[in-house]
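final.cif follows; it contains mmCIF, C-alpha atoms.
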```cif
data_query
#
loop_
_atom_site.label_atom_id
_atom_site.label_comp_id
_atom_site.auth_asym_id
_atom_site.auth_seq_id
_atom_site.Cartn_x
_atom_site.Cartn_y
_atom_site.Cartn_z
CA MET A 679 -8.62 -10.87 1.40
CA GLU A 680 -5.35 -11.26 -0.41
CA GLY A 681 -2.50 -8.95 0.55
CA PHE A 682 -0.88 -6.58 -1.90
CA ASN A 683 2.29 -4.57 -2.47
CA THR A 684 2.64 -0.81 -2.38
CA LEU A 685 5.36 1.86 -2.08
CA SER A 686 6.47 3.58 1.11
CA ARG A 687 7.95 6.65 -0.62
CA ILE A 688 8.11 8.56 -3.90
CA VAL A 689 10.62 7.03 -6.33
CA THR A 690 12.18 8.68 -9.39
CA GLU A 691 14.40 7.13 -12.06
CA GLU A 692 15.59 8.43 -15.45
CA GLN A 693 17.09 7.11 -18.67
CA VAL A 694 17.89 8.48 -22.13
CA ILE A 695 16.95 6.39 -25.18
CA ASP A 696 17.86 7.61 -28.67
CA LYS A 697 18.08 11.21 -27.41
CA SER A 698 14.66 11.10 -25.73
CA ARG A 699 14.66 11.60 -21.98
CA PHE A 700 12.34 9.30 -20.02
CA ILE A 701 11.69 10.17 -16.37
CA GLY A 702 9.70 7.73 -14.24
CA ILE A 703 7.98 8.89 -11.06
CA ALA A 704 6.06 6.52 -8.76
CA ILE A 705 3.92 8.04 -6.00
CA PRO A 706 2.09 6.17 -3.21
CA LEU A 707 -1.48 7.42 -2.76
CA THR A 708 -5.00 6.18 -2.05
CA THR A 709 -7.59 8.45 -3.74
CA LEU A 710 -8.51 9.86 -7.15
CA GLU A 711 -8.16 13.37 -5.73
CA GLU A 712 -4.54 12.64 -4.78
CA ILE A 713 -3.90 11.31 -8.29
CA GLU A 714 -5.28 14.48 -9.91
CA THR A 715 -3.15 16.66 -7.62
CA ALA A 716 -0.04 14.57 -8.31
CA LEU A 717 -0.50 14.75 -12.09
CA ILE A 718 -0.81 18.54 -11.93
CA LYS A 719 2.36 18.79 -9.83
CA ILE A 720 4.34 16.53 -12.17
CA ARG A 721 3.38 18.72 -15.15
CA GLU A 722 4.58 21.73 -13.14
CA ASP A 723 7.82 20.00 -12.07
CA TYR A 724 8.59 18.82 -15.61
CA PRO A 725 7.30 21.60 -17.89
CA ASN A 726 7.34 21.49 -21.69
CA ALA A 727 7.62 17.69 -21.91
CA ARG A 728 6.06 16.07 -24.98
CA HIS A 729 4.17 13.34 -23.11
CA TYR A 730 3.07 12.49 -19.55
CA VAL A 731 2.20 8.81 -19.82
CA TYR A 732 0.82 7.12 -16.71
CA ALA A 733 -1.00 4.27 -15.03
CA TYR A 734 -2.52 3.99 -11.59
CA ARG A 735 -4.15 1.37 -9.37
CA LEU A 736 -6.30 2.08 -6.29
CA HIS A 737 -7.10 -0.87 -4.05
CA ASN A 738 -10.24 0.71 -2.59
CA GLY A 739 -12.78 -0.08 -5.31
CA PHE A 740 -10.15 -1.92 -7.37
CA MET A 741 -9.79 1.00 -9.78
CA GLU A 742 -7.07 1.09 -12.41
CA LYS A 743 -6.41 3.19 -15.48
CA SER A 744 -3.69 3.90 -18.02
CA SER A 745 -3.11 6.81 -20.42
CA ASP A 746 -0.84 7.05 -23.48
CA ASP A 747 -1.15 10.87 -23.47
CA GLY A 748 -0.78 11.23 -27.24
CA GLU A 749 1.59 8.33 -27.88
CA PRO A 750 0.32 5.56 -30.22
CA GLN A 751 -2.39 3.55 -28.48
CA GLY A 752 -1.10 0.84 -26.15
CA THR A 753 2.58 1.85 -26.36
CA GLY A 754 2.87 3.77 -23.08
CA GLY A 755 0.22 3.43 -20.41
CA ARG A 756 -0.47 -0.25 -20.99
CA PRO A 757 3.15 -1.41 -20.47
CA ILE A 758 3.28 0.62 -17.23
CA LEU A 759 0.00 -0.87 -16.00
CA ASP A 760 1.17 -4.38 -16.92
CA ILE A 761 4.16 -4.02 -14.58
CA LEU A 762 1.99 -2.82 -11.69
CA GLN A 763 -0.40 -5.74 -12.23
CA TYR A 764 2.40 -8.31 -12.54
CA ARG A 765 3.98 -7.17 -9.25
CA ASN A 766 0.56 -6.90 -7.52
CA ILE A 767 1.17 -3.22 -6.72
CA TRP A 768 -1.76 -1.06 -5.64
CA ASN A 769 -2.26 2.48 -4.30
CA VAL A 770 0.29 3.95 -6.68
CA LEU A 771 0.51 6.38 -9.57
CA LEU A 772 3.40 5.75 -11.98
CA VAL A 773 4.08 8.49 -14.53
CA VAL A 774 6.73 8.37 -17.26
CA VAL A 775 7.54 11.86 -18.58
CA ARG A 776 9.07 12.02 -22.06
CA TYR A 777 11.14 14.86 -23.45
CA PHE A 778 11.30 14.12 -27.19
CA GLY A 779 14.82 13.98 -28.59
CA GLY A 780 14.00 14.09 -32.29
CA VAL A 781 14.34 10.37 -33.05
CA LEU A 782 11.20 8.30 -33.68
CA LEU A 783 11.28 5.04 -31.72
CA GLY A 784 8.42 3.16 -33.39
CA THR A 785 5.71 1.32 -31.51
CA GLY A 786 8.01 -1.47 -30.31
CA GLY A 787 10.65 0.99 -29.19
CA LEU A 788 8.10 3.08 -27.33
CA THR A 789 6.68 0.05 -25.54
CA ARG A 790 10.16 -1.00 -24.43
CA ALA A 791 11.08 2.55 -23.38
CA TYR A 792 7.98 3.19 -21.27
CA GLY A 793 7.83 -0.32 -19.84
CA GLY A 794 11.56 -0.33 -19.18
CA THR A 795 11.47 3.02 -17.37
CA ALA A 796 8.56 1.88 -15.23
CA ARG A 797 10.36 -1.37 -14.40
CA GLN A 798 13.49 0.59 -13.47
CA VAL A 799 11.45 2.69 -11.03
CA ILE A 800 9.86 -0.33 -9.35
CA ASN A 801 13.12 -2.29 -9.17
CA SER A 802 14.88 0.62 -7.47
CA THR A 803 12.70 0.51 -4.35
CA GLU A 804 11.74 -2.03 -1.72
CA LEU A 805 8.05 -2.79 -1.98
CA LYS A 806 5.93 -2.78 1.18
CA LYS A 807 3.60 -5.77 1.63
CA LEU A 808 0.22 -4.92 3.15
CA SER A 809 -2.11 -7.48 4.70
CA VAL A 810 -5.56 -7.18 6.21
CA TYR A 811 -5.87 -7.11 10.01
CA GLN A 812 -8.97 -7.36 12.19
CA ILE A 813 -9.33 -4.59 14.77
CA TYR A 814 -10.44 -5.64 18.26
CA ILE A 815 -10.98 -3.42 21.29
CA LEU A 816 -10.34 -5.35 24.50
CA ARG A 817 -11.58 -4.25 27.95
CA VAL A 818 -8.62 -5.35 30.04
CA PRO A 819 -8.64 -5.34 33.88
CA TYR A 820 -5.42 -3.82 35.20
CA GLN A 821 -4.21 -7.12 36.64
CA TRP A 822 -4.15 -8.60 33.13
CA PHE A 823 -2.45 -5.70 31.35
CA GLU A 824 1.26 -6.56 31.55
CA THR A 825 0.66 -10.26 31.01
CA LEU A 826 -1.41 -9.67 27.88
CA LYS A 827 1.06 -7.15 26.47
CA TYR A 828 3.82 -9.71 26.79
CA GLN A 829 1.70 -12.46 25.21
CA PHE A 830 0.71 -10.23 22.27
CA GLU A 831 4.38 -9.49 21.60
CA GLN A 832 5.10 -13.23 21.54
CA HIS A 833 2.29 -13.78 19.03
CA ASP A 834 3.19 -10.71 16.89
CA TRP A 835 -0.26 -9.26 17.57
CA PHE A 836 -0.02 -5.49 17.22
CA ILE A 837 -1.29 -3.13 19.95
CA GLN A 838 -2.42 0.01 18.14
CA ASN A 839 -3.58 2.07 21.11
CA GLU A 840 -3.99 1.99 24.91
CA GLU A 841 -6.71 3.92 26.76
CA PHE A 842 -6.67 4.00 30.57
CA SER A 843 -9.86 4.42 32.60
CA ASP A 844 -11.63 2.06 35.03
CA VAL A 845 -10.23 -0.66 32.76
CA ILE A 846 -7.69 -0.49 29.95
CA ASN A 847 -9.09 -0.40 26.43
CA LEU A 848 -6.56 -2.08 24.16
CA HIS A 849 -6.90 -1.60 20.41
CA VAL A 850 -5.33 -4.71 18.90
CA ASN A 851 -4.70 -5.63 15.24
CA ILE A 852 -4.85 -9.36 14.46
CA PRO A 853 -3.83 -10.86 11.09
CA GLU A 854 -6.91 -12.09 9.27
CA HIS A 855 -5.69 -15.69 9.13
CA GLU A 856 -5.25 -15.74 12.95
CA ILE A 857 -8.69 -14.43 13.95
CA GLU A 858 -10.10 -17.77 15.14
CA LYS A 859 -6.86 -18.60 16.91
CA PHE A 860 -6.94 -15.25 18.72
CA ARG A 861 -10.56 -15.60 19.84
CA GLU A 862 -10.02 -19.09 21.21
CA TRP A 863 -6.76 -18.10 22.85
CA ILE A 864 -8.02 -14.94 24.60
CA ASP A 865 -11.11 -16.72 25.98
CA ASP A 866 -9.07 -19.67 27.22
CA PHE A 867 -6.05 -17.73 28.51
CA THR A 868 -8.09 -15.15 30.47
CA ARG A 869 -10.94 -17.53 31.35
CA LYS A 870 -13.25 -15.02 29.59
CA GLN A 871 -12.32 -12.26 32.04
CA VAL A 872 -11.32 -10.00 29.13
CA LEU A 873 -14.17 -8.89 26.87
CA TYR A 874 -13.57 -7.77 23.30
CA GLU A 875 -15.45 -6.21 20.37
CA ASP A 876 -14.87 -6.41 16.64
CA HIS A 877 -14.23 -2.95 15.11
CA GLY A 878 -13.69 -3.75 11.43
CA THR A 879 -10.52 -4.21 9.42
CA ILE A 880 -7.39 -2.27 8.54
CA TRP A 881 -4.60 -2.71 5.98
CA ARG A 882 -1.11 -2.53 7.40
#
```

Take the structure I supplied and represent it as structure tokens, if you would.
Amino acid sequence: MEGFNTLSRIVTEEQVIDKSRFIGIAIPLTTLEEIETALIKIREDYPNARHYVYAYRLHNGFMEKSSDDGEPQGTGGRPILDILQYRNIWNVLLVVVRYFGGVLLGTGGLTRAYGGTARQVINSTELKKLSVYQIYILRVPYQWFETLKYQFEQHDWFIQNEEFSDVINLHVNIPEHEIEKFREWIDDFTRKQVLYEDHGTIWR
């Protein structure tokens, strides 16, 4: 599965265009419920605005939507969504709040204002790249523990958790493109003395 970009924090930027105030807010999230809650909060935080134009993309289910919220069709939500698609950004809600300043911008002006505000928000933050990792749980005899920890660090294989009992259960995240390499390596390096089970995937 191809990796994607997302945000690590809420980002807000603002600009004034022909007396109208445009406030862009980008929020990292992962569910429709979080989107609904965030939209309600933004309306509370920025009361009496004329428009709350937005777009969102959720990677789980590959859901995306845009809304012009009363602006002429295609002049608000679509330019915001285009930027998220172009930058391969998922799991984000990007809202541009407009306080009308009395000057009509026209369809071209609106498209530039909403798209430009959204671009300003995205350009002001460092995007986080997520990739898919395979989760393995390894049953590690104690004599192998320190050696394997060192080797995983050298390979940039991430140990997510350690559970100590009669053996040590290591929860390890392996990049998807290194799965075959990992399986061959662990069997060869430990002479199959370390057993492991596949426990699905994770994005990180």

Next item on the list: Tell me which of A:Ile813, A:Ile713, A:Leu805, A:Leu771 sits closest to Leu848 in chain A, counting all atoms listed in the file.
Entry: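 So, comparing all the options, the nearest one is A:Ile813.
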
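With only C-alpha atoms as the atoms that count, the residue of A:Ile837, A:Leu762, A:Arg790, A:Thr715 with the shortest distance to Leu685 in chain A is A:Leu762.
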
Item checked: Explicit residues for the PyMOL selection byres ((chain A and resi 741-745) around 10) (as an NGL selection string) -> :A and (709-710 or 730-740 or 746-749 or 751-760 or 762-763 or 768-773)

Item checked: Matched chain/residue IDs from the PyMOL selection byres ((chain A and resi 838) around 12), as a PyMOL selection string -> chain A and resi 811-816+827+830+835-837+839-841+847-852+880+882

Next item on the list: Find, counting all atoms listed in the file, the residue in A:Trp822, A:Tyr792, A:Phe682, A:Tyr724 that gets nearest to Ile695 in chain A.
Entry: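 Looking at the shortest contact to Ile695 in chain A, the residue is A:Tyr792.
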
Item checked: Distance in Å - CA of Tyr828 in chain A versus CA of Lys806 in chain A ->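 Between CA of Tyr828 in chain A and CA of Lys806 in chain A the gap is 26.6 Å.
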
Next item on the list: Choose the residue, out of A:Thr684, A:Phe700, A:Glu875, A:Phe860, that has the smallest atom-to-atom separation from Gly793 in chain A; count only C-alpha atoms.
Entry: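 Of A:Thr684, A:Phe700, A:Glu875, A:Phe860, the one nearest Gly793 in chain A is A:Phe700, counting only C-alpha atoms.
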
Item checked: Atomic distance CA of Lys697 in chain A - CA of Ala716 in chain A, expressed in Å with one decimal ->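 So the two atoms, CA of Lys697 in chain A and CA of Ala716 in chain A, lie 26.5 Å apart.
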
Check: Could you state the separation of CA of Tyr777 in chain A and CA of His729 in chain A in Å, given to one decimal place?
Finding: 7.1 Å
